[in-house]
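Next comes upload.cif, with mmCIF, C-alpha atoms.
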```cif
data_upload
#
loop_
_atom_site.label_atom_id
_atom_site.label_comp_id
_atom_site.auth_asym_id
_atom_site.auth_seq_id
_atom_site.Cartn_x
_atom_site.Cartn_y
_atom_site.Cartn_z
CA MET A 204 -0.02 35.20 -202.56
CA THR A 205 -0.34 35.73 -198.82
CA THR A 206 -3.34 36.33 -196.61
CA ASP A 207 -2.28 39.95 -196.03
CA GLN A 208 -3.88 40.64 -199.42
CA LEU A 209 -7.32 40.05 -197.91
CA ASP A 210 -9.58 43.14 -198.01
CA SER A 211 -7.04 44.81 -200.34
CA ALA A 212 -7.49 46.87 -203.49
CA ARG A 213 -7.20 43.72 -205.59
CA SER A 214 -10.03 42.23 -203.53
CA TRP A 215 -12.33 44.98 -204.76
CA VAL A 216 -11.28 44.32 -208.37
CA VAL A 217 -12.54 40.77 -207.85
CA VAL A 218 -15.83 42.18 -206.52
CA ALA A 219 -16.17 44.33 -209.65
CA ALA A 220 -15.49 41.33 -211.89
CA ALA A 221 -18.05 39.24 -210.03
CA PHE A 222 -20.60 42.07 -210.25
CA LEU A 223 -20.14 42.27 -214.04
CA ALA A 224 -20.41 38.50 -214.41
CA MET A 225 -23.61 38.42 -212.33
CA PHE A 226 -25.05 41.37 -214.26
CA THR A 227 -24.47 39.54 -217.52
CA VAL A 228 -25.50 35.95 -216.90
CA PHE A 229 -28.56 36.68 -214.78
CA GLY A 230 -29.64 39.54 -217.00
CA VAL A 231 -29.79 36.92 -219.75
CA ALA A 232 -31.41 34.20 -217.62
CA TYR A 233 -34.08 36.40 -216.03
CA SER A 234 -35.07 38.00 -219.31
CA PHE A 235 -36.63 34.69 -220.38
CA GLY A 236 -40.08 35.84 -219.29
CA GLU A 237 -40.06 38.27 -222.22
CA PHE A 238 -39.35 35.40 -224.63
CA PHE A 239 -42.07 33.22 -223.07
CA GLY A 240 -45.04 34.51 -225.07
CA PRO A 241 -43.40 34.88 -228.51
CA MET A 242 -41.80 31.43 -228.32
CA ALA A 243 -45.01 29.77 -227.09
CA ASP A 244 -46.94 31.43 -229.93
CA GLU A 245 -44.47 30.38 -232.63
CA PHE A 246 -44.08 26.78 -231.45
CA GLY A 247 -47.69 26.30 -230.32
CA THR A 248 -46.78 25.06 -226.83
CA ASP A 249 -48.65 25.35 -223.54
CA ARG A 250 -47.40 27.08 -220.38
CA SER A 251 -45.91 24.00 -218.76
CA GLU A 252 -43.91 23.03 -221.86
CA THR A 253 -42.61 26.56 -222.39
CA ALA A 254 -41.77 27.03 -218.71
CA PHE A 255 -39.66 23.86 -218.88
CA PHE A 256 -37.36 25.83 -221.19
CA PHE A 257 -36.47 28.04 -218.23
CA SER A 258 -36.53 25.18 -215.73
CA ILE A 259 -34.03 22.95 -217.48
CA THR A 260 -31.68 25.92 -217.75
CA THR A 261 -32.00 26.70 -214.05
CA PHE A 262 -31.43 23.07 -213.13
CA ALA A 263 -28.40 22.93 -215.42
CA TYR A 264 -26.62 25.96 -214.04
CA PHE A 265 -27.13 25.03 -210.41
CA LEU A 266 -26.24 21.37 -210.93
CA ILE A 267 -23.17 22.14 -213.05
CA GLY A 268 -22.26 24.87 -210.55
CA MET A 269 -21.19 22.24 -208.04
CA GLY A 270 -18.56 21.05 -210.51
CA THR A 271 -17.46 24.49 -211.69
CA GLY A 272 -17.15 25.66 -208.10
CA ARG A 273 -14.90 22.73 -207.31
CA ILE A 274 -12.78 23.33 -210.42
CA ALA A 275 -12.44 27.02 -209.57
CA ASP A 276 -11.26 26.04 -206.07
CA ARG A 277 -8.30 24.32 -207.75
CA VAL A 278 -7.45 26.41 -210.83
CA GLY A 279 -8.97 29.79 -210.01
CA PRO A 280 -12.10 31.45 -211.40
CA ARG A 281 -10.63 33.08 -214.53
CA PRO A 282 -10.41 30.03 -216.84
CA VAL A 283 -13.83 28.89 -215.68
CA VAL A 284 -15.39 32.27 -216.50
CA LEU A 285 -13.77 32.15 -219.95
CA VAL A 286 -15.44 28.80 -220.60
CA GLY A 287 -18.72 30.37 -219.50
CA ALA A 288 -18.30 33.23 -221.97
CA VAL A 289 -17.87 30.81 -224.86
CA ALA A 290 -20.79 28.61 -223.75
CA MET A 291 -23.11 31.59 -223.37
CA PHE A 292 -22.22 33.01 -226.79
CA VAL A 293 -22.58 29.70 -228.64
CA GLY A 294 -25.72 28.64 -226.81
CA LEU A 295 -27.60 31.87 -227.46
CA MET A 296 -26.52 32.01 -231.09
CA LEU A 297 -27.77 28.46 -231.65
CA THR A 298 -31.03 29.17 -229.82
CA ALA A 299 -31.73 31.96 -232.30
CA GLU A 300 -31.77 29.34 -235.07
CA VAL A 301 -33.85 26.53 -233.47
CA GLY A 302 -36.87 25.18 -235.29
CA SER A 303 -38.50 23.53 -232.30
CA LEU A 304 -38.84 24.11 -228.58
CA GLU A 305 -37.28 20.72 -227.87
CA LEU A 306 -34.06 21.69 -229.67
CA GLY A 307 -34.07 24.94 -227.70
CA TYR A 308 -34.05 22.91 -224.49
CA ALA A 309 -30.58 21.73 -225.49
CA THR A 310 -29.10 24.90 -227.02
CA TYR A 311 -30.41 27.38 -224.46
CA GLY A 312 -30.43 24.97 -221.55
CA LEU A 313 -26.82 23.91 -221.97
CA GLY A 314 -25.45 27.20 -223.30
CA VAL A 315 -26.94 29.49 -220.70
CA GLY A 316 -26.79 26.77 -218.06
CA ILE A 317 -23.05 26.28 -218.47
CA GLY A 318 -22.52 30.02 -218.79
CA VAL A 319 -24.23 30.83 -215.49
CA ALA A 320 -22.60 27.85 -213.75
CA CYS A 321 -19.14 28.99 -214.80
CA CYS A 322 -19.69 32.51 -213.49
CA TYR A 323 -22.00 32.44 -210.49
CA VAL A 324 -20.49 30.05 -207.93
CA PRO A 325 -16.82 30.51 -208.97
CA THR A 326 -16.88 34.31 -208.76
CA VAL A 327 -18.99 34.49 -205.57
CA ALA A 328 -16.70 31.96 -203.91
CA ALA A 329 -13.68 33.98 -205.08
CA VAL A 330 -15.09 37.11 -203.44
CA GLY A 331 -15.58 35.17 -200.23
CA GLY A 332 -11.96 34.03 -200.38
CA TRP A 333 -10.62 37.56 -200.92
CA PHE A 334 -12.25 39.04 -197.82
CA GLU A 335 -12.30 38.50 -194.09
CA ARG A 336 -13.42 41.65 -192.25
CA ARG A 337 -15.83 42.90 -194.93
CA ARG A 338 -16.86 39.60 -196.49
CA THR A 339 -20.64 39.93 -196.11
CA LEU A 340 -20.62 43.45 -197.58
CA ALA A 341 -18.34 42.39 -200.46
CA ILE A 342 -20.55 39.41 -201.35
CA GLY A 343 -23.59 41.67 -201.18
CA LEU A 344 -22.00 44.10 -203.64
CA ALA A 345 -20.97 41.30 -205.98
CA VAL A 346 -24.37 39.64 -206.15
CA ALA A 347 -26.02 43.06 -206.53
CA GLY A 348 -25.03 42.56 -210.17
CA ILE A 349 -27.93 40.10 -210.44
CA GLY A 350 -30.40 42.82 -209.54
CA PHE A 351 -28.86 45.43 -211.79
CA GLY A 352 -28.78 42.89 -214.63
CA THR A 353 -32.46 42.15 -214.19
CA LEU A 354 -33.29 45.85 -213.96
CA ALA A 355 -31.34 46.78 -217.09
CA VAL A 356 -31.62 43.78 -219.39
CA VAL A 357 -35.29 42.78 -219.08
CA PRO A 358 -36.78 46.11 -220.30
CA LEU A 359 -34.10 46.33 -223.00
CA ILE A 360 -34.92 42.85 -224.29
CA GLU A 361 -38.64 43.67 -224.29
CA MET A 362 -37.89 46.55 -226.68
CA VAL A 363 -35.58 44.44 -228.88
CA ILE A 364 -38.19 41.68 -229.18
CA ASP A 365 -40.91 44.21 -230.05
CA GLU A 366 -38.75 45.79 -232.76
CA HIS A 367 -36.81 42.84 -234.18
CA GLY A 368 -38.35 39.59 -232.90
CA TRP A 369 -37.15 37.03 -230.36
CA ARG A 370 -34.51 35.44 -232.61
CA ASP A 371 -32.58 38.68 -233.15
CA ALA A 372 -32.93 39.39 -229.43
CA TYR A 373 -31.06 36.16 -228.70
CA ARG A 374 -28.34 37.13 -231.18
CA PHE A 375 -27.98 40.50 -229.47
CA LEU A 376 -27.69 38.81 -226.06
CA ALA A 377 -25.07 36.38 -227.41
CA VAL A 378 -22.69 39.12 -228.51
CA ALA A 379 -23.24 41.34 -225.48
CA ALA A 380 -22.83 38.47 -223.01
CA GLY A 381 -19.68 37.17 -224.68
CA VAL A 382 -17.96 40.57 -224.58
CA LEU A 383 -18.95 41.41 -220.99
CA LEU A 384 -17.85 38.03 -219.65
CA LEU A 385 -14.46 38.34 -221.33
CA ILE A 386 -14.00 41.64 -219.48
CA ALA A 387 -15.13 40.05 -216.21
CA ALA A 388 -12.61 37.23 -216.61
CA VAL A 389 -9.73 39.73 -216.53
CA GLY A 390 -10.51 40.70 -212.94
CA ALA A 391 -11.38 37.22 -211.69
CA HIS A 392 -8.22 36.60 -209.63
CA GLN A 393 -7.62 33.43 -207.66
CA PRO A 394 -8.01 34.03 -203.88
CA PRO A 395 -5.04 33.92 -201.49
CA GLY A 396 -4.68 30.58 -199.76
CA SER A 397 -6.61 28.76 -202.48
CA ALA A 398 -3.66 26.47 -203.08
CA GLU A 399 -4.60 24.70 -199.85
CA GLN A 400 -6.18 21.30 -200.48
CA PRO A 401 -9.95 21.72 -199.98
CA VAL A 402 -11.75 19.15 -197.86
CA PRO A 403 -13.75 16.70 -200.03
CA ILE A 404 -17.39 17.74 -200.16
CA ARG A 405 -18.67 14.45 -198.75
CA GLU A 406 -16.37 14.80 -195.77
CA ALA A 407 -17.29 18.45 -195.24
CA LEU A 408 -21.01 17.63 -195.22
CA ARG A 409 -20.89 14.35 -193.29
CA GLY A 410 -23.14 14.56 -190.28
CA ARG A 411 -24.12 18.18 -191.03
CA SER A 412 -27.89 18.19 -190.63
CA ASP A 413 -27.85 22.00 -190.85
CA PHE A 414 -26.62 21.79 -194.45
CA TRP A 415 -29.43 19.44 -195.44
CA LEU A 416 -32.03 21.61 -193.76
CA LEU A 417 -30.66 24.58 -195.72
CA TYR A 418 -30.82 22.39 -198.82
CA ALA A 419 -34.47 21.42 -198.33
CA SER A 420 -35.38 25.03 -197.56
CA THR A 421 -33.71 26.22 -200.77
CA VAL A 422 -35.62 23.67 -202.89
CA PHE A 423 -39.01 24.97 -201.75
CA LEU A 424 -37.89 28.60 -201.78
CA SER A 425 -36.67 28.39 -205.38
CA ALA A 426 -39.89 26.74 -206.56
CA ALA A 427 -41.74 29.82 -205.29
CA LEU A 428 -39.16 32.44 -206.25
CA PHE A 429 -38.96 31.62 -209.95
CA THR A 430 -42.76 31.87 -210.39
CA PRO A 431 -42.93 35.63 -211.11
CA PHE A 432 -39.80 35.55 -213.29
CA VAL A 433 -41.42 33.02 -215.62
CA PHE A 434 -45.13 33.86 -215.42
CA MET A 435 -45.48 37.58 -214.69
CA ALA A 436 -45.74 38.53 -218.37
CA ASP A 437 -48.28 35.75 -218.93
CA TYR A 438 -50.20 36.92 -215.84
CA ILE A 439 -50.43 40.52 -217.11
CA ASP A 440 -51.56 39.31 -220.55
CA THR A 441 -54.12 36.88 -219.12
CA THR A 442 -55.68 39.25 -216.58
CA GLY A 443 -55.74 42.17 -218.98
CA GLY A 444 -53.61 44.37 -216.75
CA SER A 445 -52.57 47.71 -218.16
CA GLY A 446 -49.02 47.75 -216.75
CA SER A 447 -45.78 46.26 -218.02
CA ALA A 448 -44.45 42.94 -216.77
CA ALA A 449 -40.94 44.02 -217.77
CA VAL A 450 -41.19 47.00 -215.43
CA LEU A 451 -42.30 44.72 -212.58
CA LEU A 452 -39.39 42.34 -213.16
CA GLY A 453 -37.06 45.29 -213.39
CA LEU A 454 -38.38 46.54 -210.05
CA ILE A 455 -37.72 43.12 -208.52
CA GLY A 456 -34.16 43.47 -209.73
CA MET A 457 -33.83 47.01 -208.42
CA ALA A 458 -35.28 46.13 -205.03
CA SER A 459 -33.06 43.06 -204.80
CA VAL A 460 -30.05 45.38 -205.00
CA VAL A 461 -31.35 47.20 -201.94
CA GLY A 462 -31.85 43.86 -200.23
CA ARG A 463 -28.39 42.56 -201.09
CA LEU A 464 -26.64 45.67 -199.84
CA GLY A 465 -28.95 46.28 -196.90
CA PHE A 466 -28.94 42.72 -195.57
CA GLY A 467 -25.17 42.52 -195.99
CA ALA A 468 -24.67 45.76 -194.09
CA VAL A 469 -26.76 44.80 -191.04
CA ALA A 470 -25.97 41.07 -190.84
CA GLY A 471 -23.34 41.63 -188.16
CA ARG A 472 -25.87 43.40 -185.96
CA PHE A 473 -28.77 40.95 -186.26
CA GLY A 474 -26.94 37.69 -187.01
CA LEU A 475 -26.70 35.84 -190.32
CA LEU A 476 -29.18 33.04 -189.72
CA ARG A 477 -31.72 35.20 -187.87
CA LEU A 478 -31.72 37.77 -190.66
CA TYR A 479 -31.85 35.05 -193.30
CA ARG A 480 -34.93 33.50 -191.69
CA GLY A 481 -36.63 36.88 -191.57
CA GLY A 482 -35.90 37.58 -195.21
CA ILE A 483 -37.28 34.24 -196.39
CA THR A 484 -40.41 34.74 -194.29
CA VAL A 485 -41.03 38.12 -195.96
CA LEU A 486 -40.40 36.57 -199.38
CA ALA A 487 -42.98 33.85 -198.79
CA LEU A 488 -45.63 36.21 -197.41
CA SER A 489 -45.11 38.69 -200.26
CA PHE A 490 -47.14 36.37 -202.49
CA LEU A 491 -50.22 37.47 -200.51
CA LEU A 492 -49.77 40.87 -202.16
CA TRP A 493 -49.78 39.28 -205.60
CA ILE A 494 -52.89 37.26 -204.74
CA VAL A 495 -54.95 40.27 -203.67
CA ALA A 496 -53.56 42.62 -206.35
CA ASP A 497 -55.47 41.20 -209.34
CA THR A 498 -55.04 43.99 -211.94
CA ASN A 499 -54.19 46.70 -209.40
CA TYR A 500 -50.84 47.77 -210.82
CA PRO A 501 -49.67 49.87 -207.82
CA LEU A 502 -50.22 46.83 -205.61
CA LEU A 503 -48.31 44.66 -208.10
CA ILE A 504 -45.47 47.18 -207.82
CA THR A 505 -45.59 46.81 -204.03
CA PHE A 506 -45.38 43.02 -204.46
CA ALA A 507 -42.40 43.35 -206.81
CA LEU A 508 -40.53 45.64 -204.43
CA THR A 509 -41.23 43.48 -201.36
CA LEU A 510 -40.26 40.25 -203.11
CA GLY A 511 -37.18 41.89 -204.55
CA VAL A 512 -35.80 43.11 -201.22
CA ALA A 513 -36.32 39.69 -199.61
CA TYR A 514 -34.88 37.91 -202.64
CA GLY A 515 -31.79 40.11 -202.42
CA GLY A 516 -31.33 39.09 -198.80
CA PHE A 517 -31.46 35.40 -199.75
CA ILE A 518 -28.83 35.82 -202.45
CA SER A 519 -26.58 37.97 -200.26
CA LEU A 520 -26.67 35.93 -197.07
CA SER A 521 -26.59 32.31 -198.26
CA PRO A 522 -22.91 32.46 -199.40
CA ALA A 523 -22.00 34.22 -196.14
CA ILE A 524 -23.71 31.49 -194.12
CA ILE A 525 -21.73 28.82 -196.01
CA ALA A 526 -18.46 30.70 -195.42
CA ASP A 527 -19.27 31.11 -191.74
CA ARG A 528 -20.10 27.44 -191.18
CA PHE A 529 -17.70 25.69 -193.55
CA GLY A 530 -14.86 28.19 -194.05
CA THR A 531 -13.62 29.73 -197.30
CA VAL A 532 -11.14 27.02 -198.38
CA GLY A 533 -13.11 24.85 -200.80
CA MET A 534 -16.08 27.20 -200.49
CA GLY A 535 -16.91 26.88 -204.18
CA GLY A 536 -17.61 23.18 -203.87
CA VAL A 537 -19.82 23.48 -200.79
CA LEU A 538 -21.68 26.51 -202.13
CA GLY A 539 -22.17 24.72 -205.43
CA ALA A 540 -23.57 21.71 -203.58
CA LEU A 541 -26.10 23.92 -201.80
CA TYR A 542 -27.13 25.61 -205.02
CA THR A 543 -28.08 22.30 -206.62
CA ALA A 544 -31.14 22.66 -204.36
CA ALA A 545 -32.08 25.82 -206.25
CA GLY A 546 -31.65 23.79 -209.43
CA VAL A 547 -34.10 21.15 -208.19
CA GLY A 548 -36.60 23.85 -207.19
CA GLY A 549 -36.11 25.60 -210.52
CA LEU A 550 -36.58 22.33 -212.44
CA LEU A 551 -39.77 21.29 -210.67
CA GLY A 552 -41.35 24.62 -209.78
CA PRO A 553 -42.12 26.47 -213.06
CA PRO A 554 -43.52 23.45 -214.98
CA THR A 555 -45.68 22.58 -211.97
CA ILE A 556 -46.91 26.16 -211.68
CA GLY A 557 -47.52 26.23 -215.45
CA ALA A 558 -49.57 23.04 -215.26
CA ILE A 559 -51.61 24.47 -212.38
CA ILE A 560 -52.35 27.62 -214.40
CA ASP A 561 -53.33 25.54 -217.46
CA ARG A 562 -55.69 23.35 -215.38
CA SER A 563 -56.97 25.97 -212.94
CA ASN A 564 -55.91 29.64 -212.80
CA HIS A 565 -53.17 32.03 -211.75
CA THR A 566 -54.61 32.48 -208.25
CA THR A 567 -54.26 28.78 -207.44
CA ALA A 568 -50.68 28.91 -208.68
CA GLN A 569 -49.94 31.94 -206.51
CA TRP A 570 -51.27 30.16 -203.41
CA THR A 571 -49.08 27.18 -204.30
CA ALA A 572 -46.02 29.44 -204.44
CA LEU A 573 -46.96 30.97 -201.08
CA VAL A 574 -47.24 27.54 -199.43
CA SER A 575 -43.93 26.47 -200.96
CA GLY A 576 -42.28 29.55 -199.47
CA LEU A 577 -43.71 28.84 -196.02
CA VAL A 578 -42.43 25.26 -196.15
CA SER A 579 -39.00 26.75 -196.84
CA VAL A 580 -39.30 28.86 -193.68
CA ALA A 581 -40.32 25.80 -191.65
CA PHE A 582 -37.09 24.00 -192.57
CA LEU A 583 -35.03 27.06 -191.60
CA MET A 584 -36.62 27.13 -188.16
CA LEU A 585 -35.16 23.65 -187.48
CA ILE A 586 -31.56 24.81 -187.98
CA ARG A 587 -29.46 25.31 -184.87
CA THR A 588 -28.25 28.86 -184.35
CA PRO A 589 -24.47 29.03 -184.97
CA ARG A 590 -21.97 31.22 -183.19
CA SER A 591 -22.46 34.24 -185.48
CA ALA A 592 -26.18 33.92 -186.19
#
```
In structure tokens, what does this structure look like?
Amino acid sequence: MTTDQLDSARSWVVVAAAFLAMFTVFGVAYSFGEFFGPMADEFGTDRSETAFFFSITTFAYFLIGMGTGRIADRVGPRPVVLVGAVAMFVGLMLTAEVGSLELGYATYGLGVGIGVACCYVPTVAAVGGWFERRRTLAIGLAVAGIGFGTLAVVPLIEMVIDEHGWRDAYRFLAVAAGVLLLIAAVGAHQPPGSAEQPVPIREALRGRSDFWLLYASTVFLSAALFTPFVFMADYIDTTGGSGSAAVLLGLIGMASVVGRLGFGAVAGRFGLLRLYRGGITVLALSFLLWIVADTNYPLLITFALTLGVAYGGFISLSPAIIADRFGTVGMGGVLGALYTAAGVGGLLGPPTIGAIIDRSNHTTAQWTALVSGLVSVAFLMLIRTPRSA
């Protein structure tokens, strides 16, 4: 392959494959909030214990993503996505049979964790490697699959659980995810120039304080971001709200699509880092809407839409910032290293928020998420503005 294939028709096939992979794996991962109540009821666990089910999965897929990204740099994304398809199918099928929450930590955590890790970083990095002129837009389109997956899968799973129970819902997800990821693997082509030897991650990051500031920011951001995905259904049930949590999560997904595409389209005009800072600031402050909403469902919808747009900007721009600062050769490894921060935030955030709710109330937890988001913004403000920001 030669670099004249950049921004070609094949490049857009890779975008479509990445979109389908994101739709599938994050549709599964972000539907966990609908399983939260039924699983907690059956196993008799509190919020913190049940939230750890989601947290260990999040930690697994971001931690493992550093390795899968590096492997995909060397062998291409297709074989890695195929491994993810198998892991997702087996993990979800086994989770449908578990007799304890602790066993589910292993089956769901490893199955879905490996599945997401094998699809997210490798396919996003591949898109980055297939584009030059329209890279930010292409990445935005690819990761828009996360929003569409959330929008489509969460309400669907709510209906399946209501009709057939949470165990059959996991079996349904296993088959659907396995088939869709096999299709995605077909279009996951290795980028031109990927045969070049990538710089070792330690060497690429040596002396790069900007990377570590991004890392710290992502830890605190993720701790806040995952709060509604895990606890929105519990919040609606606890407060006696009349609306649907699945609709709210679906709206977050829908709005995130707008954010991914919109932020990607205007990044060249406003600058990557400047726009990224603005998006994270909006994301953090959106929790004020949740705090004052109480059971006011229209205001909860406003919160979901605001959070979703800002969340979409975060997902769209962070890979572009990595490509801009570190280049696209070996991008999977560097991007995977950054995303371990999201794993740390995902591991610590939901159980902490769950414990706060158990000991205090949802409002205290919401303020905690808001503060965590503002700490994330503070770290971003310390980063030096690069040439394209």
Residues near Trp369 in chain A, cut-off 10 Å, all atoms listed in the file, skip fewer than 5 positions along chain, as an NGL selection string: :A and (237-242 or 298-299 or 360-361 or 363-364 or 374-375)
For range 227-232 of chain A: contacts at 10 Å, all atoms listed in the file, fewer than 4 positions along chain excluded, given as number ranges by chain: A: 221-223, 236, 257, 260-261, 287-288, 291, 295, 311, 315-316, 318-323, 348-357, 360, 373, 376-377, 379-384, 387, 432, 456
Picked residues, the PyMOL selection byres ((chain A and resi 431) around 12), expected as number ranges by chain: A: 233-237, 254, 425-430, 432-439, 448-449, 451-456, 489-490, 493-494, 503, 506-507, 510-511, 514, 552-553, 556-557, 565, 568-569, 572-573
Picked residues, the PyMOL selection byres ((chain A and resi 333) around 9), expected as a list in words: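 When the PyMOL selection byres ((chain A and resi 333) around 9) is applied to the shown file, the picked residues are Thr206, Gln208, Leu209, Asp210, Ser211, Arg213, Ser214, Trp215, Val217, Val218, Ala328, Ala329, Val330, Gly331, Gly332, Phe334, Glu335, Arg338, Gln393, Pro394 and Pro395 of chain A.
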Among listed residues A:Met457, A:Leu385, A:Leu297, A:Val324, nearest Ser521 in chain A (using only C-alpha atoms): A:Val324
Report the centre and edge lengths, in Å to one decimal, of an axis-aligned box enclosing every atom of range 284-291 of chain A listed in the file, padded by 5 Å on each side, as JSON.
```
{"center_x": -18.4, "center_y": 30.9, "center_z": -220.7, "size_x": 19.3, "size_y": 14.6, "size_z": 18.4}
```
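With only C-alpha atoms as the atoms that count, the minimum distance from Pro522 in chain A to the choices A:Thr326, A:Ser303, A:Thr441, A:Thr271 is reached by A:Thr326.
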Chain and number of each residue from the PyMOL selection byres ((chain A and resi 424) around 12), as number ranges by chain: A: 417-423, 425-430, 480, 482-488, 510, 513-514, 517-518, 542, 544-549, 551-552, 571-583
Pick from A:Thr498, A:Gly465, A:Asp276, A:Tyr479 nearest to Gly446 in chain A, counting all atoms listed in the file: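 Closest residue, counting all atoms listed in the file: A:Thr498.
Across the model, the gap from CA of Val495 in chain A to CA of Ser251 in chain A is 24.0 Å.
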Sel. within 10 Å of pt (-10.3, 25.4, -209.5), counting all atoms listed in the file, output as a VMD selection string: chain A and resid 270 to 283 325 393 397 to 398 533 535 to 536
Between CA of Ala458 in chain A and CA of Arg337 in chain A, distance in Å (one decimal): 22.2 Å
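Comparing A:Ile560, A:Leu492, A:Leu416, A:Ala526 by their smallest distance to Ile342 in chain A, the closest is A:Ala526 (using all atoms listed in the file).
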Separation of CA of Ala540 in chain A from CA of Leu520 in chain A in Å: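 According to the coordinates, CA of Leu520 in chain A and CA of Ala540 in chain A are separated by 15.9 Å.
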Residue nearest Ile504 in chain A among A:Val378, A:Ala290, A:Leu464, A:Val450 (counting only C-alpha atoms):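 Using only C-alpha atoms, Ile504 in chain A sits closest to A:Val450.
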